[in-house]
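Data block for start05.cif (mmCIF, N, CA and C atoms):
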```
data_target
#
loop_
_atom_site.label_atom_id
_atom_site.label_comp_id
_atom_site.auth_asym_id
_atom_site.auth_seq_id
_atom_site.Cartn_x
_atom_site.Cartn_y
_atom_site.Cartn_z
N GLN M 1 3.82 -5.57 14.23
CA GLN M 1 4.41 -5.87 12.93
C GLN M 1 3.33 -5.91 11.87
N LEU M 2 3.57 -5.23 10.75
CA LEU M 2 2.62 -5.22 9.66
C LEU M 2 2.73 -6.52 8.87
N VAL M 3 1.60 -7.05 8.48
CA VAL M 3 1.56 -8.29 7.71
C VAL M 3 0.65 -8.11 6.51
N GLU M 4 1.22 -8.31 5.33
CA GLU M 4 0.44 -8.24 4.10
C GLU M 4 -0.06 -9.64 3.74
N SER M 5 -1.19 -9.68 3.07
CA SER M 5 -1.73 -10.93 2.56
C SER M 5 -2.54 -10.64 1.32
N GLY M 6 -2.85 -11.71 0.58
CA GLY M 6 -3.70 -11.57 -0.60
C GLY M 6 -2.97 -11.63 -1.92
N GLY M 7 -1.66 -11.70 -1.89
CA GLY M 7 -0.92 -11.81 -3.14
C GLY M 7 -1.12 -13.17 -3.79
N GLY M 8 -0.63 -13.28 -5.01
CA GLY M 8 -0.75 -14.55 -5.71
C GLY M 8 -0.49 -14.40 -7.18
N LEU M 9 -0.86 -15.43 -7.92
CA LEU M 9 -0.69 -15.47 -9.37
C LEU M 9 -2.05 -15.30 -10.03
N VAL M 10 -2.17 -14.31 -10.89
CA VAL M 10 -3.41 -14.10 -11.64
C VAL M 10 -3.08 -13.82 -13.09
N GLN M 11 -4.06 -14.03 -13.95
CA GLN M 11 -3.89 -13.76 -15.37
C GLN M 11 -4.06 -12.28 -15.66
N PRO M 12 -3.48 -11.81 -16.74
CA PRO M 12 -3.70 -10.41 -17.14
C PRO M 12 -5.18 -10.08 -17.23
N GLY M 13 -5.52 -8.90 -16.75
CA GLY M 13 -6.92 -8.49 -16.71
C GLY M 13 -7.63 -8.87 -15.44
N GLY M 14 -7.00 -9.69 -14.63
CA GLY M 14 -7.61 -10.14 -13.39
C GLY M 14 -7.50 -9.13 -12.26
N SER M 15 -7.98 -9.54 -11.09
CA SER M 15 -8.01 -8.67 -9.92
C SER M 15 -7.47 -9.40 -8.70
N LEU M 16 -6.96 -8.63 -7.78
CA LEU M 16 -6.54 -9.11 -6.47
C LEU M 16 -6.87 -8.04 -5.45
N ARG M 17 -7.09 -8.48 -4.20
CA ARG M 17 -7.22 -7.53 -3.11
C ARG M 17 -6.19 -7.89 -2.05
N LEU M 18 -5.30 -6.94 -1.80
CA LEU M 18 -4.30 -7.10 -0.76
C LEU M 18 -4.84 -6.55 0.56
N SER M 19 -4.40 -7.17 1.64
CA SER M 19 -4.76 -6.71 2.97
C SER M 19 -3.50 -6.45 3.77
N CYS M 20 -3.61 -5.52 4.71
CA CYS M 20 -2.50 -5.17 5.59
C CYS M 20 -3.05 -5.05 7.00
N ALA M 21 -2.56 -5.87 7.90
CA ALA M 21 -3.00 -5.83 9.28
C ALA M 21 -1.77 -5.75 10.17
N ASN M 22 -2.03 -5.41 11.43
CA ASN M 22 -0.92 -5.26 12.35
C ASN M 22 -1.19 -6.02 13.63
N SER M 23 -0.20 -6.75 14.06
CA SER M 23 -0.38 -7.55 15.28
C SER M 23 0.02 -6.79 16.53
N GLY M 24 0.75 -5.69 16.38
CA GLY M 24 1.27 -5.00 17.55
C GLY M 24 0.43 -3.83 18.03
N PHE M 25 -0.25 -3.17 17.12
CA PHE M 25 -1.06 -2.02 17.49
C PHE M 25 -2.13 -1.83 16.45
N PRO M 26 -3.27 -1.25 16.79
CA PRO M 26 -4.31 -1.03 15.78
C PRO M 26 -3.87 0.01 14.77
N LEU M 27 -4.35 -0.13 13.56
CA LEU M 27 -3.97 0.80 12.51
C LEU M 27 -4.71 2.14 12.61
N THR M 28 -5.67 2.20 13.47
CA THR M 28 -6.40 3.45 13.66
C THR M 28 -5.44 4.59 13.97
N GLY M 29 -5.57 5.69 13.25
CA GLY M 29 -4.73 6.85 13.50
C GLY M 29 -3.46 6.89 12.69
N TYR M 30 -3.15 5.85 11.98
CA TYR M 30 -1.94 5.79 11.17
C TYR M 30 -2.29 6.00 9.70
N THR M 31 -1.45 6.71 8.99
CA THR M 31 -1.52 6.72 7.54
C THR M 31 -0.96 5.40 7.02
N ILE M 32 -1.61 4.85 6.01
CA ILE M 32 -1.15 3.59 5.43
C ILE M 32 -0.81 3.81 3.96
N ALA M 33 0.31 3.27 3.55
CA ALA M 33 0.73 3.36 2.16
C ALA M 33 1.07 1.97 1.63
N TRP M 34 1.02 1.87 0.33
CA TRP M 34 1.42 0.66 -0.37
C TRP M 34 2.56 1.01 -1.32
N PHE M 35 3.59 0.18 -1.30
CA PHE M 35 4.72 0.31 -2.21
C PHE M 35 4.91 -1.02 -2.92
N ARG M 36 5.64 -0.99 -4.00
CA ARG M 36 5.98 -2.24 -4.67
C ARG M 36 7.38 -2.16 -5.23
N GLN M 37 7.98 -3.32 -5.40
CA GLN M 37 9.31 -3.38 -5.98
C GLN M 37 9.40 -4.62 -6.86
N ALA M 38 9.69 -4.38 -8.12
CA ALA M 38 9.90 -5.46 -9.07
C ALA M 38 11.39 -5.76 -9.17
N PRO M 39 11.74 -6.96 -9.59
CA PRO M 39 13.16 -7.32 -9.71
C PRO M 39 13.91 -6.34 -10.61
N GLY M 40 15.01 -5.84 -10.13
CA GLY M 40 15.83 -4.94 -10.91
C GLY M 40 15.32 -3.52 -11.01
N LYS M 41 14.23 -3.22 -10.29
CA LYS M 41 13.66 -1.87 -10.35
C LYS M 41 13.65 -1.24 -8.96
N GLU M 42 13.53 0.08 -8.95
CA GLU M 42 13.46 0.79 -7.69
C GLU M 42 12.07 0.62 -7.07
N ARG M 43 12.03 0.81 -5.75
CA ARG M 43 10.75 0.77 -5.04
C ARG M 43 9.86 1.91 -5.55
N GLU M 44 8.60 1.60 -5.71
CA GLU M 44 7.65 2.55 -6.30
C GLU M 44 6.47 2.74 -5.34
N GLY M 45 6.10 3.97 -5.10
CA GLY M 45 4.91 4.26 -4.32
C GLY M 45 3.67 3.97 -5.13
N VAL M 46 2.77 3.19 -4.59
CA VAL M 46 1.57 2.77 -5.31
C VAL M 46 0.35 3.57 -4.88
N SER M 47 0.15 3.66 -3.56
CA SER M 47 -1.05 4.32 -3.06
C SER M 47 -0.87 4.63 -1.59
N CYS M 48 -1.64 5.61 -1.11
CA CYS M 48 -1.71 5.82 0.33
C CYS M 48 -3.11 6.29 0.68
N ILE M 49 -3.46 6.10 1.94
CA ILE M 49 -4.76 6.53 2.45
C ILE M 49 -4.55 7.16 3.82
N SER M 50 -5.16 8.32 4.01
CA SER M 50 -4.97 9.04 5.26
C SER M 50 -5.64 8.30 6.42
N SER M 51 -5.29 8.71 7.62
CA SER M 51 -5.82 8.03 8.79
C SER M 51 -7.33 8.17 8.91
N THR M 52 -7.88 9.26 8.37
CA THR M 52 -9.33 9.48 8.41
C THR M 52 -10.04 8.91 7.20
N SER M 53 -9.28 8.34 6.28
CA SER M 53 -9.81 7.82 5.00
C SER M 53 -10.34 8.91 4.09
N SER M 54 -10.11 10.16 4.44
CA SER M 54 -10.65 11.25 3.63
C SER M 54 -9.80 11.57 2.43
N TYR M 55 -8.58 11.08 2.40
CA TYR M 55 -7.65 11.42 1.31
C TYR M 55 -6.93 10.16 0.86
N THR M 56 -6.88 9.97 -0.47
CA THR M 56 -6.09 8.90 -1.06
C THR M 56 -5.32 9.48 -2.24
N THR M 57 -4.22 8.86 -2.55
CA THR M 57 -3.48 9.24 -3.75
C THR M 57 -2.87 7.99 -4.35
N TYR M 58 -2.56 8.06 -5.64
CA TYR M 58 -2.10 6.89 -6.37
C TYR M 58 -0.94 7.26 -7.30
N GLY M 59 -0.06 6.30 -7.51
CA GLY M 59 0.98 6.48 -8.50
C GLY M 59 0.38 6.51 -9.90
N ASP M 60 1.05 7.18 -10.80
CA ASP M 60 0.50 7.35 -12.15
C ASP M 60 0.23 6.02 -12.84
N SER M 61 1.05 5.03 -12.57
CA SER M 61 0.91 3.76 -13.28
C SER M 61 -0.30 2.94 -12.84
N VAL M 62 -0.93 3.31 -11.71
CA VAL M 62 -2.05 2.51 -11.20
C VAL M 62 -3.34 3.32 -11.10
N LYS M 63 -3.30 4.59 -11.41
CA LYS M 63 -4.51 5.41 -11.32
C LYS M 63 -5.64 4.84 -12.17
N GLY M 64 -6.81 4.80 -11.58
CA GLY M 64 -7.97 4.28 -12.27
C GLY M 64 -8.12 2.77 -12.21
N ARG M 65 -7.10 2.09 -11.70
CA ARG M 65 -7.16 0.62 -11.62
C ARG M 65 -7.10 0.13 -10.18
N PHE M 66 -6.42 0.84 -9.32
CA PHE M 66 -6.24 0.44 -7.93
C PHE M 66 -7.06 1.36 -7.02
N ALA M 67 -7.50 0.80 -5.90
CA ALA M 67 -8.26 1.58 -4.93
C ALA M 67 -7.87 1.17 -3.51
N ALA M 68 -7.53 2.17 -2.71
CA ALA M 68 -7.16 1.93 -1.31
C ALA M 68 -8.36 2.17 -0.41
N SER M 69 -8.47 1.37 0.61
CA SER M 69 -9.53 1.54 1.60
C SER M 69 -9.02 1.01 2.93
N ARG M 70 -9.82 1.21 3.97
CA ARG M 70 -9.40 0.74 5.29
C ARG M 70 -10.59 0.68 6.21
N ASP M 71 -10.47 -0.17 7.20
CA ASP M 71 -11.37 -0.12 8.33
C ASP M 71 -10.51 0.00 9.58
N ARG M 72 -11.08 -0.22 10.74
CA ARG M 72 -10.34 0.04 11.95
C ARG M 72 -9.09 -0.82 12.07
N ALA M 73 -9.19 -2.06 11.60
CA ALA M 73 -8.11 -3.01 11.86
C ALA M 73 -7.24 -3.30 10.65
N THR M 74 -7.75 -3.05 9.45
CA THR M 74 -7.08 -3.54 8.25
C THR M 74 -7.12 -2.49 7.15
N ALA M 75 -6.04 -2.45 6.38
CA ALA M 75 -6.01 -1.63 5.17
C ALA M 75 -6.05 -2.55 3.96
N TYR M 76 -6.65 -2.06 2.88
CA TYR M 76 -6.85 -2.88 1.70
C TYR M 76 -6.35 -2.13 0.46
N LEU M 77 -5.92 -2.94 -0.51
CA LEU M 77 -5.59 -2.39 -1.83
C LEU M 77 -6.29 -3.27 -2.86
N GLN M 78 -7.34 -2.75 -3.46
CA GLN M 78 -8.05 -3.46 -4.52
C GLN M 78 -7.34 -3.17 -5.84
N MET M 79 -6.93 -4.22 -6.53
CA MET M 79 -6.17 -4.05 -7.77
C MET M 79 -6.96 -4.71 -8.90
N ASN M 80 -7.31 -3.91 -9.88
CA ASN M 80 -8.10 -4.40 -11.02
C ASN M 80 -7.33 -4.23 -12.32
N ASP M 81 -7.77 -4.95 -13.33
CA ASP M 81 -7.18 -4.85 -14.67
C ASP M 81 -5.66 -4.99 -14.60
N LEU M 82 -5.22 -6.03 -13.93
CA LEU M 82 -3.80 -6.22 -13.71
C LEU M 82 -3.08 -6.61 -14.99
N SER M 83 -1.84 -6.16 -15.10
CA SER M 83 -1.00 -6.48 -16.25
C SER M 83 0.34 -7.03 -15.75
N PRO M 84 1.09 -7.65 -16.64
CA PRO M 84 2.40 -8.18 -16.21
C PRO M 84 3.31 -7.11 -15.59
N GLU M 85 3.11 -5.85 -15.99
CA GLU M 85 3.92 -4.77 -15.43
C GLU M 85 3.62 -4.52 -13.95
N ASP M 86 2.55 -5.08 -13.44
CA ASP M 86 2.21 -4.95 -12.02
C ASP M 86 2.88 -6.02 -11.17
N THR M 87 3.57 -6.93 -11.80
CA THR M 87 4.27 -7.97 -11.06
C THR M 87 5.35 -7.37 -10.17
N ALA M 88 5.28 -7.68 -8.89
CA ALA M 88 6.22 -7.10 -7.91
C ALA M 88 5.91 -7.68 -6.54
N VAL M 89 6.79 -7.40 -5.60
CA VAL M 89 6.48 -7.61 -4.19
C VAL M 89 5.83 -6.33 -3.68
N TYR M 90 4.69 -6.49 -3.06
CA TYR M 90 3.93 -5.35 -2.55
C TYR M 90 4.09 -5.26 -1.04
N TYR M 91 4.37 -4.05 -0.56
CA TYR M 91 4.59 -3.81 0.86
C TYR M 91 3.58 -2.79 1.36
N CYS M 92 3.10 -2.98 2.57
CA CYS M 92 2.36 -1.91 3.22
C CYS M 92 3.26 -1.26 4.26
N ALA M 93 2.98 0.00 4.52
CA ALA M 93 3.78 0.78 5.45
C ALA M 93 2.86 1.71 6.23
N ALA M 94 3.25 2.04 7.45
CA ALA M 94 2.43 2.89 8.32
C ALA M 94 3.22 4.10 8.79
N GLU M 95 2.56 5.26 8.71
CA GLU M 95 3.12 6.51 9.23
C GLU M 95 2.41 6.81 10.55
N PRO M 96 3.14 6.95 11.64
CA PRO M 96 2.49 7.19 12.92
C PRO M 96 1.99 8.62 13.04
N PRO M 97 1.01 8.86 13.89
CA PRO M 97 0.49 10.22 14.07
C PRO M 97 1.51 11.18 14.69
N THR M 98 2.60 10.65 15.21
CA THR M 98 3.66 11.50 15.74
C THR M 98 4.69 11.86 14.67
N GLY M 99 4.50 11.40 13.46
CA GLY M 99 5.43 11.69 12.39
C GLY M 99 5.55 13.18 12.12
N ARG M 100 6.71 13.60 11.72
CA ARG M 100 6.98 15.03 11.53
C ARG M 100 6.06 15.67 10.51
N ARG M 101 5.67 14.90 9.48
CA ARG M 101 4.83 15.48 8.43
C ARG M 101 3.42 14.89 8.42
N PHE M 102 3.08 14.21 9.51
CA PHE M 102 1.79 13.55 9.55
C PHE M 102 0.63 14.54 9.47
N SER M 103 -0.40 14.16 8.73
CA SER M 103 -1.66 14.88 8.72
C SER M 103 -2.79 13.87 8.64
N PRO M 104 -3.85 14.06 9.38
CA PRO M 104 -4.96 13.10 9.32
C PRO M 104 -5.77 13.19 8.04
N VAL M 105 -5.53 14.25 7.24
CA VAL M 105 -6.31 14.45 6.02
C VAL M 105 -5.44 14.53 4.78
N PHE M 106 -4.23 13.98 4.88
CA PHE M 106 -3.32 13.99 3.74
C PHE M 106 -2.39 12.79 3.86
N CYS M 107 -1.87 12.34 2.75
CA CYS M 107 -0.81 11.33 2.78
C CYS M 107 0.07 11.52 1.55
N GLY M 108 1.28 11.02 1.64
CA GLY M 108 2.23 11.14 0.56
C GLY M 108 2.92 9.82 0.28
N LEU M 109 3.55 9.71 -0.89
CA LEU M 109 4.17 8.45 -1.30
C LEU M 109 5.68 8.44 -1.12
N GLY M 110 6.19 9.40 -0.38
CA GLY M 110 7.60 9.36 -0.06
C GLY M 110 7.88 8.31 0.99
N PRO M 111 8.73 7.34 0.74
CA PRO M 111 8.92 6.24 1.70
C PRO M 111 9.49 6.69 3.03
N ASP M 112 10.16 7.83 3.09
CA ASP M 112 10.77 8.26 4.34
C ASP M 112 9.73 8.69 5.37
N ARG M 113 8.47 8.84 4.97
CA ARG M 113 7.41 9.20 5.92
C ARG M 113 7.03 8.02 6.80
N TYR M 114 7.34 6.83 6.38
CA TYR M 114 6.76 5.63 6.98
C TYR M 114 7.78 4.91 7.86
N ASP M 115 7.38 4.69 9.09
CA ASP M 115 8.27 4.09 10.08
C ASP M 115 8.12 2.58 10.18
N TYR M 116 6.97 2.06 9.79
CA TYR M 116 6.69 0.64 9.98
C TYR M 116 6.40 0.01 8.62
N TRP M 117 7.01 -1.14 8.41
CA TRP M 117 6.91 -1.82 7.11
C TRP M 117 6.61 -3.29 7.31
N GLY M 118 5.82 -3.84 6.39
CA GLY M 118 5.63 -5.28 6.35
C GLY M 118 6.72 -5.94 5.54
N ARG M 119 6.66 -7.27 5.47
CA ARG M 119 7.67 -8.03 4.74
C ARG M 119 7.31 -8.23 3.29
N GLY M 120 6.11 -7.89 2.91
CA GLY M 120 5.73 -7.95 1.51
C GLY M 120 4.97 -9.21 1.12
N THR M 121 4.22 -9.08 0.05
CA THR M 121 3.51 -10.21 -0.54
C THR M 121 3.72 -10.19 -2.05
N GLN M 122 3.99 -11.35 -2.62
CA GLN M 122 4.31 -11.43 -4.04
C GLN M 122 3.03 -11.39 -4.87
N VAL M 123 3.04 -10.53 -5.87
CA VAL M 123 1.97 -10.47 -6.86
C VAL M 123 2.57 -10.76 -8.21
N THR M 124 2.06 -11.77 -8.89
CA THR M 124 2.58 -12.16 -10.19
C THR M 124 1.43 -12.20 -11.19
N ILE M 125 1.62 -11.46 -12.27
CA ILE M 125 0.60 -11.42 -13.33
C ILE M 125 1.19 -12.11 -14.56
N SER M 126 0.59 -13.22 -14.92
CA SER M 126 1.12 -14.00 -16.03
C SER M 126 0.02 -14.90 -16.58
N SER M 127 0.09 -15.11 -17.89
CA SER M 127 -0.83 -16.05 -18.51
C SER M 127 -0.23 -17.44 -18.59
#
```
What's the structure tokens form of this structure?
Amino acid sequence: QLVESGGGLVQPGGSLRLSCANSGFPLTGYTIAWFRQAPGKEREGVSCISSTSSYTTYGDSVKGRFAASRDRATAYLQMNDLSPEDTAVYYCAAEPPTGRRFSPVFCGLGPDRYDYWGRGTQVTISS
């Protein structure tokens, strides 16, 4: 099961680092993505990182402010220059290497690629 951590309340302009770990299997070999959903809004793809860490991509609203990274056991989302528009529940998701569209050097933000999901962590940006 994927477990997100690191959410919280920060002021505008602040930073947070989210973590995603798994208790059932190592994340090695899986593509990891981050999604978010704000109240009354559709789920939005935020970022993904390929299993080899060679490829990352970001949603337009977070480019230049967010950075995805990973090590063998954990995936991270560094979020800088946060604004109230970033307030949402953030979810991590994993695409297995057996996935129909899996590639070790590519990732995508379509949620249907991802078979495993965490329960989310709340991020609130407010002064």
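With CA of Cys20 in chain M on one side and atom C of Thr74 in chain M on the other, the separation reads 5.6 Å.
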Check your understanding: Do you know which residues lie at most 6 Å from (-1.6, 4.5, 13.3), with coordinates as in the file and all atoms listed in the file counted, and could you write them as a VMD selection string?
Key -> chain M and resid 26 to 31 95 to 97
Check your understanding: Pick the closest to Arg119 in chain M from M:Leu16, M:Val46, M:Cys92, M:Cys107: which is it, counting all atoms listed in the file?
Key -> M:Cys92
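Using all atoms listed in the file, the protein and nucleic acid residues lying no more than 8 Å from Leu77 in chain M, apart from those fewer than 5 places from it along its own chain, are Leu16, Arg17, Leu18, Ser19, Cys20, Trp34, Phe66, Ala67, Ala68, Ser69 and Arg70 of chain M.
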Exercise for review: Could you give me, as a ChimeraX atom specification, the residues within 9 Å of Ser15 in chain M, counting only C-alpha atoms and dropping anything in the same chain fewer than 6 positions from it?
Suggested key: /M:78-82
**Study point:** Picked from range 9-66 of chain M by DSSP as strand (DSSP E), as a ChimeraX atom specification
**Key:** /M:9-10,16-22,31-37,44-49,56-58,66
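For the atom pair formed by CA of Tyr90 in chain M and CA of Phe102 in chain M, the distance is 22.5 Å, given to one decimal.
You can rank M:Gly6, M:Gly120, M:Gly45, M:Gly108 by their closest distance to Val89 in chain M using only C-alpha atoms, and at the top of that list sits M:Gly120.
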Taking 4 positions as the minimum chain separation for residues in the same chain, which residues sit within 7 Å of Gly8 in chain M when counting only C-alpha atoms? Answer as a CSV table (one decimal) with N, CA and C atoms, keeping the file's coordinate frame.
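Written file, out_17.csv:
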```csv
chain,number,residue,atom,x,y,z
M,122,GLN,N,4.0,-11.4,-2.6
M,122,GLN,CA,4.3,-11.4,-4.0
M,122,GLN,C,3.0,-11.4,-4.9
M,123,VAL,N,3.0,-10.5,-5.9
M,123,VAL,CA,2.0,-10.5,-6.9
M,123,VAL,C,2.6,-10.8,-8.2
M,124,THR,N,2.1,-11.8,-8.9
M,124,THR,CA,2.6,-12.2,-10.2
M,124,THR,C,1.4,-12.2,-11.2
```
Review point. Can you tell me how far atom C of Asp86 in chain M sits from CA of Pro104 in chain M, in Å to one decimal?
Key: 29.1 Å
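With distances restricted to only C-alpha atoms, M:Ser83 is the closest residue to Ser126 in chain M from M:Ser47, M:Ser23, M:Ser54, M:Ser83.
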Point to revise | Given all atoms listed in the file as the counted atoms, nearest of M:Asn22, M:Thr121, M:Glu44, M:Leu9 to Gly59 in chain M | key: M:Glu44
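Those residues in chain M carrying a DSSP assignment of helix (DSSP H, G or I), computed from the backbone, are M:Pro84, M:Glu85, M:Asp86, M:Pro111, M:Asp112, M:Arg113.
In terms of minimum interatomic distance to Glu85 in chain M, M:Ala38 ranks closest within M:Gly14, M:Ala38, M:Gly24, M:Ala33, counting only C-alpha atoms.
Nearest-residue note for Thr56 in chain M: choosing from M:Phe106, M:Lys41, M:Gln1, M:Gly7, the minimum distance belongs to M:Phe106, counting only C-alpha atoms.
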For the file shown, what are the residues hit by the PyMOL selection byres ((chain M and resi 114-116) around 6.5), laid out as a tab-separated table (two decimals) with N, CA and C atoms, in the coordinates of the input?
```tsv
chain	number	residue	atom	x	y	z
M	2	LEU	N	3.57	-5.23	10.75
M	2	LEU	CA	2.62	-5.22	9.66
M	2	LEU	C	2.73	-6.52	8.87
M	92	CYS	N	3.10	-2.98	2.57
M	92	CYS	CA	2.36	-1.91	3.22
M	92	CYS	C	3.26	-1.26	4.26
M	93	ALA	N	2.98	0.00	4.52
M	93	ALA	CA	3.78	0.78	5.45
M	93	ALA	C	2.86	1.71	6.23
M	94	ALA	N	3.25	2.04	7.45
M	94	ALA	CA	2.43	2.89	8.32
M	94	ALA	C	3.22	4.10	8.79
M	95	GLU	N	2.56	5.26	8.71
M	95	GLU	CA	3.12	6.51	9.23
M	95	GLU	C	2.41	6.81	10.55
M	96	PRO	N	3.14	6.95	11.64
M	96	PRO	CA	2.49	7.19	12.92
M	96	PRO	C	1.99	8.62	13.04
M	110	GLY	N	6.19	9.40	-0.38
M	110	GLY	CA	7.60	9.36	-0.06
M	110	GLY	C	7.88	8.31	0.99
M	111	PRO	N	8.73	7.34	0.74
M	111	PRO	CA	8.92	6.24	1.70
M	111	PRO	C	9.49	6.69	3.03
M	112	ASP	N	10.16	7.83	3.09
M	112	ASP	CA	10.77	8.26	4.34
M	112	ASP	C	9.73	8.69	5.37
M	113	ARG	N	8.47	8.84	4.97
M	113	ARG	CA	7.41	9.20	5.92
M	113	ARG	C	7.03	8.02	6.80
M	117	TRP	N	7.01	-1.14	8.41
M	117	TRP	CA	6.91	-1.82	7.11
M	117	TRP	C	6.61	-3.29	7.31
M	118	GLY	N	5.82	-3.84	6.39
M	118	GLY	CA	5.63	-5.28	6.35
M	118	GLY	C	6.72	-5.94	5.54
```
